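Colleague: Quick one: structure below, then a few questions.
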Amino acid sequence: MPSAHDTSGHDASADGHGAGPVLYERRGPVAYITLNRPRYRNAQNSAMTYALDDAFYRAAEDSEVKVTVLGGTGEHFSAGHDIGTPERDAHLPFERRAGLWWDHCDKTGAESRFARESEVYLGMCRRWRELPKPVVASVQGACVAGGLMLAWICDLIVASEDAFFADPVVRMGIPGVEYFAHPWVMPPRIAKEFLYTGDRMSARRAYEVGMVNKVVERAELADSTHELALRIAAMPRLGLALAKRAVNQAEDLQGMHTGMDSVFGLHHLAHAHNAETAADPLGGMDIASMKKKADG
């Protein structure tokens with residue numbers, strides 16, 4: 001694993017400004033981990049994923065850190081997985097940390113895709129969910145597909161009024177993103193509507209269905225998130241860790257872990273079907289076509 005102070009991963013100039021794809025800063029007892037590819041709406045390539053892993057490790061190891069805040073630079077929290085930027089690096093090898101599946105780079109078809117997504121999508125999100133310190137998501141603008149996965153591994157979500165949430169991958173013939181938390185972060189019928197339509201859910205609606213803890217004006221997002229983080233940081237560190245573990249275990253007893261495993265298999269059945277019947281495993285959809293569909 002790279003040094004605990006190295007959060008740049010394999011992409012040291014991810015946004016063309018010399019900064020890495022993830023920024024790290026500690027303010028008193030709060031660690032700020034910030035996605036830093038604003039030019040691409042913080043689309044997540046592998047370099048960003050492994051830089052995030054470095055940053056979460058750093059927060060876990062720092063005894064001064066009581067709470068972590070996860071946010072994104074620019075206008076949007078995250079538009080999802082990188083499916084078409086110039087720094088897309090799905091073909092490159094990275095050190096595997098979340099599981100023991102083999103490297104995907106010299107494999108083909110389902111053998112390659114399943115290995116990579118088990119590591120960088122499902123595996124990493126499960127790993128981060130277990131960070132024994134509370135994590136608060138600070139969400140503005142787009143929180144779409146893979147962006148949902150990052151928000152959903154957080155314990156609390158503070159959203160700005162302009163934030164919106166969407167999982168449009170059913171348009172690809174895929175039943176939902178890899179970290180399939182939908183029926184646990186919102187009621188099942190709302191989850192079905194969310195998936196069936198692919199429509200954007202406003203921050204207010206997300207609050208109403210219990211997916212978001214707090215909605216604030218955009219100008220107040222940073223201060224409100226920091227204030228909440230400081231209130232949490234006043235609690236004993238072990239008490240926070242045990243409370244987090246208790247709730248996570250309750251979710252898993254309700255089927256969250258095994259449910260995700262079963263849907264991950266369906267997810268890859270969809271990829272395989274697309275590879276046989278469409279232009280590619282994404283059903284021929286790219287960034288432009290997904291945006292066109294979303295805009296109606």
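Each chain in the structure tokens gets a letter, A, B and so on, in the order shown; residues start at 1 in every chain, and ligands are counted from 1 in the order they appear.
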Would you mind listing what lies within 7 Å of Leu70 (chain A) as a compact mmCIF listing (two decimals) with all heavy atoms, in the first residue's frame, with only C-alpha atoms counted and same-chain residues fewer than 6 positions away left out?
Modeller:
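selection08.txt was written with the following content:
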# COMPACT_ATOMS: atom_id res chain seq x y z
N TYR A 32 -11.08 15.68 6.29
CA TYR A 32 -11.82 15.97 5.07
C TYR A 32 -11.18 15.22 3.91
O TYR A 32 -10.01 15.43 3.58
CB TYR A 32 -11.83 17.47 4.79
CG TYR A 32 -12.89 18.18 5.59
CD1 TYR A 32 -12.66 18.54 6.92
CD2 TYR A 32 -14.13 18.46 5.04
CE1 TYR A 32 -13.64 19.17 7.66
CE2 TYR A 32 -15.13 19.10 5.77
CZ TYR A 32 -14.87 19.44 7.08
OH TYR A 32 -15.86 20.06 7.82
N ILE A 33 -11.96 14.33 3.31
CA ILE A 33 -11.54 13.57 2.14
C ILE A 33 -12.38 14.07 0.97
O ILE A 33 -13.61 14.00 1.01
CB ILE A 33 -11.72 12.06 2.36
CG1 ILE A 33 -10.83 11.58 3.51
CG2 ILE A 33 -11.43 11.29 1.08
CD1 ILE A 33 -11.08 10.13 3.91
N THR A 34 -11.72 14.59 -0.07
CA THR A 34 -12.44 15.30 -1.12
C THR A 34 -12.08 14.76 -2.49
O THR A 34 -10.90 14.74 -2.88
CB THR A 34 -12.12 16.80 -1.06
OG1 THR A 34 -12.35 17.29 0.28
CG2 THR A 34 -13.00 17.58 -2.02
N VAL A 135 -18.58 8.57 9.18
CA VAL A 135 -18.29 9.27 7.93
C VAL A 135 -19.56 10.01 7.50
O VAL A 135 -20.64 9.44 7.43
CB VAL A 135 -17.87 8.30 6.81
CG1 VAL A 135 -17.50 9.08 5.55
CG2 VAL A 135 -16.69 7.43 7.26
N VAL A 136 -19.40 11.31 7.24
CA VAL A 136 -20.51 12.16 6.82
C VAL A 136 -20.29 12.56 5.37
O VAL A 136 -19.23 13.10 5.03
CB VAL A 136 -20.62 13.42 7.69
CG1 VAL A 136 -21.81 14.28 7.24
CG2 VAL A 136 -20.74 13.05 9.16
N ALA A 137 -21.26 12.29 4.51
CA ALA A 137 -21.18 12.73 3.12
C ALA A 137 -21.70 14.15 3.01
O ALA A 137 -22.74 14.50 3.59
CB ALA A 137 -21.99 11.81 2.22
N SER A 138 -21.00 14.98 2.27
CA SER A 138 -21.40 16.36 1.98
C SER A 138 -21.64 16.44 0.48
O SER A 138 -20.70 16.45 -0.31
CB SER A 138 -20.30 17.32 2.42
OG SER A 138 -20.66 18.67 2.20
Colleague: How close does each residue of region 63-182 of chain A get to region 208-211 of chain A, giving the shortest atom pair and distance in Å to one decimal for every residue with an atom at most 9 Å away, counting only C-alpha atoms, sorted by chain and residue number, as a Markdown table?
Modeller:
| residue | atom | partner | partner_atom | distance |
| --- | --- | --- | --- | --- |
| A:Trp152 | CA | A:Met211 | CA | 8.6 |
| A:Leu156 | CA | A:Met211 | CA | 8.8 |
| A:Ile157 | CA | A:Met211 | CA | 7.7 |
Colleague: Using only C-alpha atoms, find the one residue out of A:Ala270, A:Ala206, A:Ala31, A:Ala90 that sits nearest to Gly283 (chain A).
Modeller: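 Closest candidate: A:Ala270.
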Colleague: Go through region 198-264 of chain A and collect every residue that DSSP, computed from the backbone, puts in strand (DSSP E or B); the answer should be as a ChimeraX atom specification.
Modeller: /A:201-202,214-216
Colleague: Keeping only N, CA, C and O atoms, take the residues you just selected and write them out as a compact mmCIF listing (two decimals), in the first residue's frame.
Modeller:
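As a result, selection-v1.txt now contains:
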# COMPACT_ATOMS: atom_id res chain seq x y z
N MET A 201 -33.84 12.10 -8.21
CA MET A 201 -34.53 12.35 -6.96
C MET A 201 -33.93 13.60 -6.33
O MET A 201 -32.71 13.68 -6.13
N SER A 202 -34.76 14.57 -6.03
CA SER A 202 -34.27 15.81 -5.44
C SER A 202 -33.78 15.57 -4.02
O SER A 202 -34.13 14.57 -3.38
N LYS A 214 -30.12 15.67 6.24
CA LYS A 214 -30.30 17.11 6.36
C LYS A 214 -30.14 17.75 4.99
O LYS A 214 -29.27 17.35 4.21
N VAL A 215 -30.98 18.74 4.69
CA VAL A 215 -30.89 19.50 3.44
C VAL A 215 -30.70 20.98 3.79
O VAL A 215 -31.43 21.52 4.62
N VAL A 216 -29.69 21.59 3.17
CA VAL A 216 -29.36 22.98 3.49
C VAL A 216 -29.14 23.75 2.19
O VAL A 216 -28.98 23.17 1.11
Colleague: Hey, could you make a per-residue contact list for region 11-80 of chain A against region 163-182 of chain A with 12 Å as the cut-off, showing the nearest pair of atoms and its distance in Å to one decimal, counting only C-alpha atoms, sorted by chain and number, as JSON lines?
Modeller:
{"residue": "A:Glu75", "atom": "CA", "partner": "A:Ala163", "partner_atom": "CA", "distance": 9.6}
{"residue": "A:His76", "atom": "CA", "partner": "A:Ala163", "partner_atom": "CA", "distance": 8.0}
{"residue": "A:Phe77", "atom": "CA", "partner": "A:Ala163", "partner_atom": "CA", "distance": 8.4}
{"residue": "A:Ser78", "atom": "CA", "partner": "A:Phe165", "partner_atom": "CA", "distance": 10.0}
{"residue": "A:Ala79", "atom": "CA", "partner": "A:Ala166", "partner_atom": "CA", "distance": 9.4}
{"residue": "A:Gly80", "atom": "CA", "partner": "A:Asp167", "partner_atom": "CA", "distance": 9.3}
